[in-house]
Amino acid sequence: MRSKQLAAALVAAVALAACGHADGPQSIADAATKAIYNDDVTAMQARFNDDLRKQVTLDQVATISSKLHALGPYNGLAQTAADVPAGRYDYNARFAQATIPVHLRLDPTGKIAAYRLDIPDPNPSS
Amino acid sequence: MKKRSLASLILAAALATTLTPATPVLADGAASTRNIILGGAAAAAGTLILINHNKQVHAREAAMSEQQAETAAAAQNAQAAYQAERRAYLNQVALNGEYKREVALQHNMIVKLRQQVAQSQPAGGQPARVAAARSVSYGWGAL
């Protein structure tokens, strides 16, 4: 009897662990944001679909990374809106000095088809 | 009315004078001639009075008819003016309706254009200013 309970507990633990490793939209957005913050083009492109991957340049990623670093350390995402049928998800990315909106669109395969951040403009008049 | 009664009385007297047969017949020829002359004079006077009275009546009726005609003409003019004003008013009402429809159509077009502008997002890595939030959108792909 005791061995059966132990086996069930193990199965449940494995199932939960599998669930934790599944890439949900938030974990995808979090991974992409971390990759951009760290100026890691390879890690970021791994989340993008083929069409979007072709649009990315090293300079763009470096520029965005520097702007994010200006906001302080990255502290994760919080979801603000979701349109699951359309694959649209909105998050707030928390940094030490600011919280900025992050917008995500996933294609049917779970890859990122669009990714955008709204970074505060230090010179709004220009 | 008073004149008409008077004329009737005179006429009746004249007729009575000329047609009375009860007068005793005298053999006096001069008296007979005098009676004939007096009766003719009375008849002529009555006829003149009647003619004068009729002239006055006709003149009064003509004046009344003329006044009625003038009144009718004025009334017709007023009616025509009213009809013209009413037609102008109805035309203006129809024109206002057309203006209202035009404004509503233009309003719908403005709303649609505003929606299109709000939905437009720049593609690629080019930054796009978001004026409302005073932030710049960076990233790739169209949402």
# chains A, B, ... in the order shown; residues from 1 in each chain; ligands from 1

call {"tool": "residues_around", "arguments": {"residues": "segment 27-33 of chain A", "least_positions_apart": "6", "cutoff": "7 Å", "atoms": "only C-alpha atoms", "output": "PyMOL selection string"}}
result
chain A and resi 44+47+76-77+104

call {"tool": "interface_residues", "arguments": {"of": "chain A", "to": "chain B", "cutoff": "7 Å", "atoms": "only C-alpha atoms", "output": "PyMOL selection string"}}
result
chain A and resi 52+55+60+105+113-121+124

call {"tool": "closest_residue", "arguments": {"among": "A:Tyr74, A:Tyr89, A:Phe95, A:Phe48", "to": "Thr109 of chain A", "atoms": "only C-alpha atoms"}}
result
A:Phe48

call {"tool": "closest_residue", "arguments": {"among": "A:Thr80, A:Thr99, A:Asn123, A:Asn38", "to": "Ala62 of chain A", "atoms": "only C-alpha atoms"}}
result
A:Asn38

call {"tool": "residues_around", "arguments": {"residues": "Ile36 of chain A", "least_positions_apart": "5", "cutoff": "7 Å", "atoms": "only C-alpha atoms", "output": "ChimeraX atom specification"}}
result
/A:41,44,61,65

call {"tool": "select_by_dssp", "arguments": {"residues": "segment 2-123 of chain A", "states": "alpha helix (DSSP H)", "output": "ChimeraX atom specification"}}
result
/A:2-21,25-37,41-45,50-53,58-69

call {"tool": "select_by_dssp", "arguments": {"residues": "chain A", "states": "strand (DSSP E)", "output": "VMD selection string"}}
result
chain A and resid 74 to 83 88 to 95 99 to 106 112 to 120
